[in-house]
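*Asks:* structure20.cif is reproduced below (mmCIF, C-alpha atoms and all ligand atoms).
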data_target
#
loop_
_atom_site.label_atom_id
_atom_site.label_comp_id
_atom_site.auth_asym_id
_atom_site.auth_seq_id
_atom_site.Cartn_x
_atom_site.Cartn_y
_atom_site.Cartn_z
CA MET A 1178 -19.82 -3.93 -14.22
CA ARG A 1179 -17.71 -5.97 -11.82
CA ARG A 1180 -17.32 -4.47 -8.37
CA ILE A 1181 -14.49 -5.11 -5.93
CA LEU A 1182 -14.76 -4.32 -2.22
CA ILE A 1183 -11.61 -2.74 -0.80
CA ALA A 1184 -10.88 -2.70 2.93
CA THR A 1185 -8.70 0.29 3.74
CA SER A 1186 -8.72 3.36 5.94
CA ASN A 1187 -6.26 5.06 3.61
CA ALA A 1188 -7.88 7.41 1.08
CA GLY A 1189 -4.69 7.44 -1.03
CA LYS A 1190 -4.80 3.67 -1.45
CA LEU A 1191 -8.47 3.81 -2.39
CA ARG A 1192 -7.69 6.39 -5.10
CA ASP A 1193 -4.87 4.17 -6.40
CA PHE A 1194 -7.17 1.15 -6.57
CA ALA A 1195 -9.84 3.18 -8.37
CA GLY A 1196 -7.20 4.33 -10.89
CA ALA A 1197 -5.96 0.78 -11.43
CA ALA A 1198 -9.50 -0.57 -11.80
CA LEU A 1199 -10.64 2.09 -14.28
CA ALA A 1200 -8.64 0.67 -17.18
CA HIS A 1201 -10.35 -2.69 -16.66
CA GLY A 1202 -13.93 -1.44 -16.42
CA ILE A 1203 -14.14 -2.36 -12.75
CA GLU A 1204 -15.77 -0.38 -9.98
CA ILE A 1205 -14.07 -0.05 -6.60
CA ALA A 1206 -16.16 0.26 -3.46
CA GLY A 1207 -15.33 0.59 0.22
CA ILE A 1208 -16.85 -1.79 2.78
CA PRO A 1209 -20.13 -0.29 4.07
CA ASN A 1210 -19.65 1.44 7.46
CA PHE A 1211 -15.93 0.69 7.33
CA SER A 1212 -14.99 3.40 9.81
CA SER A 1213 -17.25 1.91 12.49
CA LEU A 1214 -15.68 -1.59 12.25
CA PRO A 1215 -13.10 -2.68 14.83
CA THR A 1216 -9.61 -1.90 13.51
CA VAL A 1217 -7.30 -4.77 12.73
CA VAL A 1218 -4.07 -4.88 14.72
CA GLU A 1219 -1.26 -4.97 12.17
CA ASP A 1220 1.34 -6.85 14.20
CA GLY A 1221 2.60 -9.25 11.53
CA ASN A 1222 6.27 -9.42 10.60
CA THR A 1223 5.58 -9.48 6.87
CA PHE A 1224 3.40 -7.60 4.41
CA GLU A 1225 1.68 -10.87 3.58
CA GLU A 1226 0.76 -11.64 7.19
CA ASN A 1227 -0.79 -8.21 7.68
CA ALA A 1228 -2.59 -8.20 4.33
CA ARG A 1229 -4.16 -11.60 5.05
CA LYS A 1230 -5.17 -10.50 8.52
CA LYS A 1231 -6.92 -7.38 7.22
CA ALA A 1232 -8.69 -9.13 4.34
CA GLU A 1233 -9.83 -12.03 6.54
CA GLN A 1234 -11.12 -9.92 9.43
CA TYR A 1235 -12.92 -7.36 7.29
CA SER A 1236 -14.45 -10.01 5.02
CA ARG A 1237 -16.38 -11.39 8.01
CA HIS A 1238 -18.44 -8.19 7.98
CA VAL A 1239 -19.69 -8.74 4.41
CA PRO A 1240 -20.67 -12.43 4.23
CA GLY A 1241 -20.32 -13.95 0.77
CA ASP A 1242 -18.44 -10.99 -0.73
CA MET A 1243 -14.80 -11.05 -1.79
CA VAL A 1244 -12.77 -8.43 0.06
CA VAL A 1245 -9.39 -7.08 -1.01
CA ALA A 1246 -6.91 -5.52 1.44
CA ASP A 1247 -3.30 -4.56 0.99
CA ASP A 1248 -0.34 -4.17 3.24
CA SER A 1249 2.34 -2.07 1.69
CA GLY A 1250 5.36 0.03 2.44
CA LEU A 1251 8.75 1.34 1.51
CA GLU A 1252 11.92 -0.76 1.85
CA ILE A 1253 15.09 1.37 1.87
CA ASP A 1254 18.29 -0.59 1.28
CA ALA A 1255 20.55 1.74 3.29
CA LEU A 1256 18.19 1.28 6.28
CA ASN A 1257 18.18 -2.52 6.03
CA GLY A 1258 14.70 -2.56 4.56
CA GLU A 1259 13.14 -0.13 7.02
CA PRO A 1260 10.54 1.33 7.33
CA GLY A 1261 9.06 -1.79 5.64
CA VAL A 1262 6.00 -3.12 7.47
CA HIS A 1263 6.30 -0.13 9.81
CA SER A 1264 5.92 2.44 7.04
CA ALA A 1265 2.62 3.85 8.33
CA ARG A 1266 4.10 4.45 11.82
CA TYR A 1267 7.70 5.28 11.09
CA ALA A 1268 7.66 8.63 12.92
CA ALA A 1269 6.24 7.14 16.15
CA PRO A 1270 9.54 7.69 18.05
CA ASP A 1271 9.44 11.38 17.07
CA LEU A 1272 5.75 11.96 17.80
CA HIS A 1273 4.91 9.51 20.60
CA GLY A 1274 8.24 8.35 22.00
CA LYS A 1275 7.37 4.77 21.01
CA GLN A 1276 8.96 2.42 18.53
CA PRO A 1277 6.87 1.94 15.35
CA HIS A 1278 5.99 -1.68 16.24
CA GLU A 1279 4.64 -0.52 19.64
CA ALA A 1280 2.64 2.43 18.32
CA ASP A 1281 -1.13 2.15 18.35
CA ALA A 1282 -1.81 4.70 15.62
CA ASN A 1283 -0.43 5.71 12.24
CA THR A 1284 1.80 8.78 12.11
CA ASP A 1285 1.26 11.49 9.51
CA ASP A 1286 2.94 11.45 6.11
CA GLU A 1287 4.94 14.62 6.71
CA ALA A 1288 6.50 13.28 9.91
CA ASN A 1289 7.24 9.91 8.29
CA ASN A 1290 8.95 11.61 5.34
CA ALA A 1291 10.93 13.84 7.68
CA ARG A 1292 12.26 10.81 9.52
CA VAL A 1293 13.29 9.12 6.26
CA LEU A 1294 15.20 12.25 5.20
CA ARG A 1295 16.89 12.45 8.59
CA GLU A 1296 17.93 8.78 8.60
CA LEU A 1297 19.38 9.16 5.09
CA ARG A 1298 21.05 12.54 5.54
CA ASN A 1299 24.59 11.26 5.07
CA VAL A 1300 23.77 8.65 2.45
CA PRO A 1301 24.95 9.48 -1.10
CA PRO A 1302 22.55 9.26 -4.08
CA GLU A 1303 23.91 5.94 -5.40
CA LYS A 1304 23.14 4.26 -2.06
CA ARG A 1305 19.59 5.62 -1.73
CA THR A 1306 17.94 2.73 -3.57
CA ALA A 1307 14.52 1.61 -2.37
CA ARG A 1308 11.38 -0.18 -3.40
CA PHE A 1309 7.69 0.11 -2.71
CA VAL A 1310 6.08 -3.25 -2.00
CA CYS A 1311 2.39 -4.09 -2.00
CA VAL A 1312 0.96 -7.43 -0.97
CA LEU A 1313 -2.70 -7.71 -1.77
CA ALA A 1314 -4.85 -10.38 -0.13
CA VAL A 1315 -8.32 -11.43 -1.23
CA ALA A 1316 -10.56 -13.12 1.31
CA GLN A 1317 -14.11 -14.36 1.60
CA ASP A 1318 -15.95 -15.22 4.82
CA GLY A 1319 -12.79 -14.98 6.91
CA LYS A 1320 -10.55 -17.11 4.66
CA THR A 1321 -7.76 -15.92 2.38
CA LEU A 1322 -8.26 -17.16 -1.18
CA ALA A 1323 -4.99 -15.80 -2.64
CA THR A 1324 -2.27 -13.17 -2.25
CA PHE A 1325 -0.40 -11.15 -4.89
CA ARG A 1326 2.82 -9.13 -4.64
CA GLY A 1327 3.83 -6.07 -6.63
CA GLY A 1328 6.96 -3.93 -6.41
CA ALA A 1329 8.43 -0.72 -7.84
CA GLU A 1330 12.16 0.13 -7.71
CA GLY A 1331 13.30 3.71 -7.17
CA ILE A 1332 15.60 6.15 -5.38
CA ILE A 1333 14.93 8.31 -2.32
CA LEU A 1334 15.51 12.00 -3.05
CA ASP A 1335 16.90 14.44 -0.49
CA ALA A 1336 13.84 16.71 -0.71
CA PRO A 1337 10.17 16.13 -1.61
CA ARG A 1338 8.99 16.70 -5.20
CA GLY A 1339 5.42 16.80 -6.53
CA SER A 1340 2.05 17.37 -4.92
CA ASP A 1341 -0.06 14.37 -5.93
CA GLY A 1342 -0.13 10.97 -4.28
CA PHE A 1343 0.24 10.21 -0.58
CA GLY A 1344 2.65 8.75 1.95
CA TYR A 1345 6.25 8.59 0.71
CA ASP A 1346 5.34 9.40 -2.92
CA PRO A 1347 7.09 12.83 -3.00
CA LEU A 1348 10.43 11.27 -1.95
CA PHE A 1349 10.26 8.26 -4.28
CA TYR A 1350 11.95 8.98 -7.61
CA PHE A 1351 11.15 6.50 -10.36
CA PRO A 1352 14.03 6.64 -12.90
CA GLN A 1353 12.12 4.86 -15.66
CA ILE A 1354 10.04 7.99 -16.34
CA ARG A 1355 12.13 10.50 -14.38
CA LYS A 1356 9.34 11.50 -12.01
CA THR A 1357 8.57 11.01 -8.36
CA PHE A 1358 5.44 9.04 -7.57
CA ALA A 1359 3.88 12.37 -6.45
CA GLU A 1360 4.27 13.65 -10.03
CA LEU A 1361 2.33 10.81 -11.66
CA SER A 1362 -1.18 10.96 -13.07
CA ALA A 1363 -3.62 8.38 -11.71
CA GLU A 1364 -3.14 6.39 -14.91
CA GLU A 1365 0.68 6.45 -14.58
CA LYS A 1366 0.56 5.46 -10.92
CA ALA A 1367 -1.64 2.50 -11.88
CA ARG A 1368 0.77 1.50 -14.64
CA TYR A 1369 4.06 1.77 -12.73
CA SER A 1370 3.26 1.30 -9.06
CA HIS A 1371 3.57 -1.68 -6.73
CA ARG A 1372 -0.19 -1.47 -6.07
CA GLY A 1373 -1.03 -1.41 -9.79
CA ALA A 1374 1.22 -4.46 -10.35
CA ALA A 1375 -0.37 -6.45 -7.51
CA PHE A 1376 -3.85 -5.45 -8.66
CA ARG A 1377 -3.17 -6.67 -12.22
CA LYS A 1378 -2.07 -10.06 -10.84
CA PHE A 1379 -5.28 -10.17 -8.81
CA LEU A 1380 -7.38 -9.46 -11.93
CA GLU A 1381 -5.59 -12.21 -13.87
CA TRP A 1382 -6.41 -14.57 -11.02
CA CYS A 1383 -10.07 -13.44 -11.11
CA ASP A 1384 -10.22 -14.25 -14.82
CA ARG A 1385 -8.45 -17.62 -14.43
CA SER A 1386 -10.51 -18.75 -11.48
CA GLY A 1387 -13.83 -17.38 -12.71
CA LYS A 1388 -14.09 -15.11 -9.65
CA ALA A 1389 -15.85 -11.97 -10.71
CA GLY A 1390 -16.30 -9.82 -7.64
CA SER A 1391 -19.80 -8.83 -6.61
CA SER A 1392 -22.39 -7.26 -8.81
CA PRO A 1393 -23.74 -3.86 -7.71
CA SER A 1394 -27.26 -5.13 -8.34
CA SER A 1395 -26.81 -7.82 -5.63
CA GLU A 1396 -27.17 -5.16 -2.91
P1 LIG B 1401 -4.91 0.41 5.78
O1 LIG B 1401 -4.14 -0.56 6.63
O2 LIG B 1401 -6.20 0.82 6.41
O3 LIG B 1401 -5.07 -0.06 4.37
P2 LIG B 1401 -2.55 2.05 6.16
O4 LIG B 1401 -2.13 3.40 5.65
O5 LIG B 1401 -2.44 1.80 7.64
O6 LIG B 1401 -4.05 1.78 5.65
P3 LIG B 1401 -0.48 0.10 5.67
O7 LIG B 1401 -0.49 -0.41 7.06
O8 LIG B 1401 -0.40 -0.89 4.53
O9 LIG B 1401 -1.77 0.97 5.35
O10 LIG B 1401 0.71 1.14 5.55
C1 LIG B 1401 1.19 1.49 4.32
C2 LIG B 1401 2.05 2.74 4.44
O11 LIG B 1401 3.11 2.65 3.48
C3 LIG B 1401 1.24 3.97 4.05
O12 LIG B 1401 0.65 4.58 5.18
C4 LIG B 1401 2.29 4.85 3.38
O13 LIG B 1401 3.01 5.55 4.36
C5 LIG B 1401 3.22 3.82 2.74
N1 LIG B 1401 2.78 3.54 1.36
C6 LIG B 1401 2.21 2.39 0.88
N2 LIG B 1401 1.92 2.51 -0.42
C7 LIG B 1401 2.28 3.74 -0.77
C8 LIG B 1401 2.22 4.46 -1.98
O14 LIG B 1401 1.66 3.97 -3.07
N3 LIG B 1401 2.69 5.70 -1.98
C9 LIG B 1401 3.24 6.26 -0.89
N4 LIG B 1401 3.32 5.66 0.29
C10 LIG B 1401 2.86 4.40 0.35
#
Let's see the structure in the file written out as structure tokens.
*Replies:*
Amino acid sequence: MRRILIATSNAGKLRDFAGAALAHGIEIAGIPNFSSLPTVVEDGNTFEENARKKAEQYSRHVPGDMVVADDSGLEIDALNGEPGVHSARYAAPDLHGKQPHEADANTDDEANNARVLRELRNVPPEKRTARFVCVLAVAQDGKTLATFRGGAEGIILDAPRGSDGFGYDPLFYFPQIRKTFAELSAEEKARYSHRGAAFRKFLEWCDRSGKAGSSPSSE
């Protein structure tokens, strides 16, 4: 079975990748000792910049292996695309008195969601359009080999709904199947989400380019 190494500190992302990989008979693994590696400073202005940075830096710790990392977030039209690349730290002004781009740690999902609801409190339903974006980068020995973008269009509710998922999932209503992303099974999230879409493009690239990920027996 093919195995893909994923570089992320986010357990929700790892679950999403595992769900997306399952349908393709692929095994997802974290980088060994990931939590003890120096964290990558995510100071890029775009999802792509940050995704490349993470994949490149973490791939140096596993010479010869392909490493996948993603940078992702929620773009809300009524907030001019915010929180965008700052999605993981959106509540920093509330919790630490710092702007998201100055914060040195992620803020928790509940606080991030609370800020989104506050910023949108006077915005009517038809203007609450948003999209999740995921840019996935694959790197080997410190060099990016390719990047892939996936998106999912939805609407921000005025209260959370559903108990699965992570991050902004409970606020993100996906009209196509009339559920929030926190009401999706793992299989549905893989099928409809930004991360699932980017991951499928990555797999097509693997097949086209003959890249197969690492084999578990090579350890
Ligand atoms: P890594 O960098 O270690 O992968 P992170 O959580 O810091 O983990 P990002 O910098 O890419 O990752 O931030 C992405 C944030 O965007 C994430 O923390 C969520 O708040 C939000 N997000 C991304 N994808 C999401 C999804 O599928 N569902 C809900 N929220 C999502």
*Asks:* Hey, which residues come within 8 Å of ligand LIG 1401 (chain B) if we count only C-alpha atoms and all ligand atoms? Could you give them as a ChimeraX atom specification?
*Replies:* /A:1184-1187,1189-1190,1193,1219,1224,1227-1228,1231,1246-1251,1261-1266,1283,1286,1289,1309-1311,1342-1347,1358,1370-1372
*Asks:* What separation in Å, quoted to one decimal, exists between CA of Arg1308 in chain A and CA of Thr1284 in chain A?
*Replies:* 20.3 Å
*Asks:* CA of Asp1242 in chain A and CA of Ala1363 in chain A are how many Å apart?
*Replies:*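 Rounded to one decimal, the two atoms are 26.7 Å apart.
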*Asks:* Measuring between all atoms listed in the file, which one of A:Asp1220, A:Gly1331, A:Leu1182, A:Asp1254 shows the shortest distance to Ile1203 in chain A?
*Replies:* A:Leu1182
*Asks:* Can you tell me, as a list in words, what residues are no more than 12 Å from Asn1257 in chain A when counting only C-alpha atoms, ignoring any on the same chain fewer than 5 positions away?
*Replies:*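 Result of the neighbour search: Leu1251, Glu1252, Glu1296, Leu1297, Lys1304, Arg1305, Thr1306, Ala1307 and Arg1308 of chain A.
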*Asks:* Work out how far apart CA of Asp1318 in chain A and CA of Ile1208 in chain A are and give it in Å to one decimal.
*Replies:*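 Distance between the two atoms: 13.6 Å.
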*Asks:* Within 6 Å of Ala1375 in chain A, counting all atoms listed in the file, which residues qualify if same-chain residues fewer than 4 places away don't, as a tab-separated table (two decimals) with C-alpha atoms, in the coordinates of the input?
*Replies:*
chain	number	residue	atom	x	y	z
A	1325	PHE	CA	-0.40	-11.15	-4.89
A	1326	ARG	CA	2.82	-9.13	-4.64
A	1327	GLY	CA	3.83	-6.07	-6.63
*Asks:* Just want the 8 Å neighbourhood of Ala1316 in chain A, counted on all atoms listed in the file, with same-chain residues fewer than 5 positions away dropped. Output as a PyMOL selection string.
*Replies:* chain A and resi 1229+1232-1233+1236+1243-1245+1321-1323
*Asks:* Go ahead and write the residues just picked, C-alpha atoms, as a PDB file, in the coordinates of the input.
*Replies:*
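Contents of selection-v1.pdb, as written:
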ATOM      1  CA  ARG A1229      -4.160 -11.600   5.050  1.00  0.00           C
ATOM      2  CA  ALA A1232      -8.690  -9.130   4.340  1.00  0.00           C
ATOM      3  CA  GLU A1233      -9.830 -12.030   6.540  1.00  0.00           C
ATOM      4  CA  SER A1236     -14.450 -10.010   5.020  1.00  0.00           C
ATOM      5  CA  MET A1243     -14.800 -11.050  -1.790  1.00  0.00           C
ATOM      6  CA  VAL A1244     -12.770  -8.430   0.060  1.00  0.00           C
ATOM      7  CA  VAL A1245      -9.390  -7.080  -1.010  1.00  0.00           C
ATOM      8  CA  THR A1321      -7.760 -15.920   2.380  1.00  0.00           C
ATOM      9  CA  LEU A1322      -8.260 -17.160  -1.180  1.00  0.00           C
ATOM     10  CA  ALA A1323      -4.990 -15.800  -2.640  1.00  0.00           C
TER      11      ALA A1323
END
*Asks:* Taking into account all atoms listed in the file, which residue in the set A:Asp1384, A:Glu1330, A:Asp1341, A:Asp1281 is nearest to Thr1216 in chain A?
*Replies:* A:Asp1281
*Asks:* For a quick check of understanding, using all atoms listed in the file, which of A:Leu1313, A:Ile1253, A:Val1293, A:Ala1288 has the smallest distance to Ala1269 in chain A?
*Replies:*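 Among A:Leu1313, A:Ile1253, A:Val1293, A:Ala1288, it is A:Ala1288 that comes nearest to Ala1269 in chain A.
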*Asks:* Nearest to Val1217 in chain A: which of A:Val1300, A:Ala1282, A:Ala1359, A:Cys1383 is it, counting only C-alpha atoms?
*Replies:*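 Using only C-alpha atoms, Val1217 in chain A sits closest to A:Ala1282.
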*Asks:* Out of A:Asp1335, A:Asp1285, A:Glu1381, A:Glu1364, which residue has the shortest atom-to-atom distance to Asn1299 in chain A when counting only C-alpha atoms?
*Replies:*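 Among the listed residues, the smallest separation from Asn1299 in chain A belongs to A:Asp1335.
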*Asks:* Hey, which of A:Arg1237, A:Gly1202, A:Phe1379, A:Ala1195 ends up closest to Leu1214 in chain A? Count all atoms listed in the file.
*Replies:*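 That would be A:Arg1237, the residue with the smallest distance to Leu1214 in chain A.
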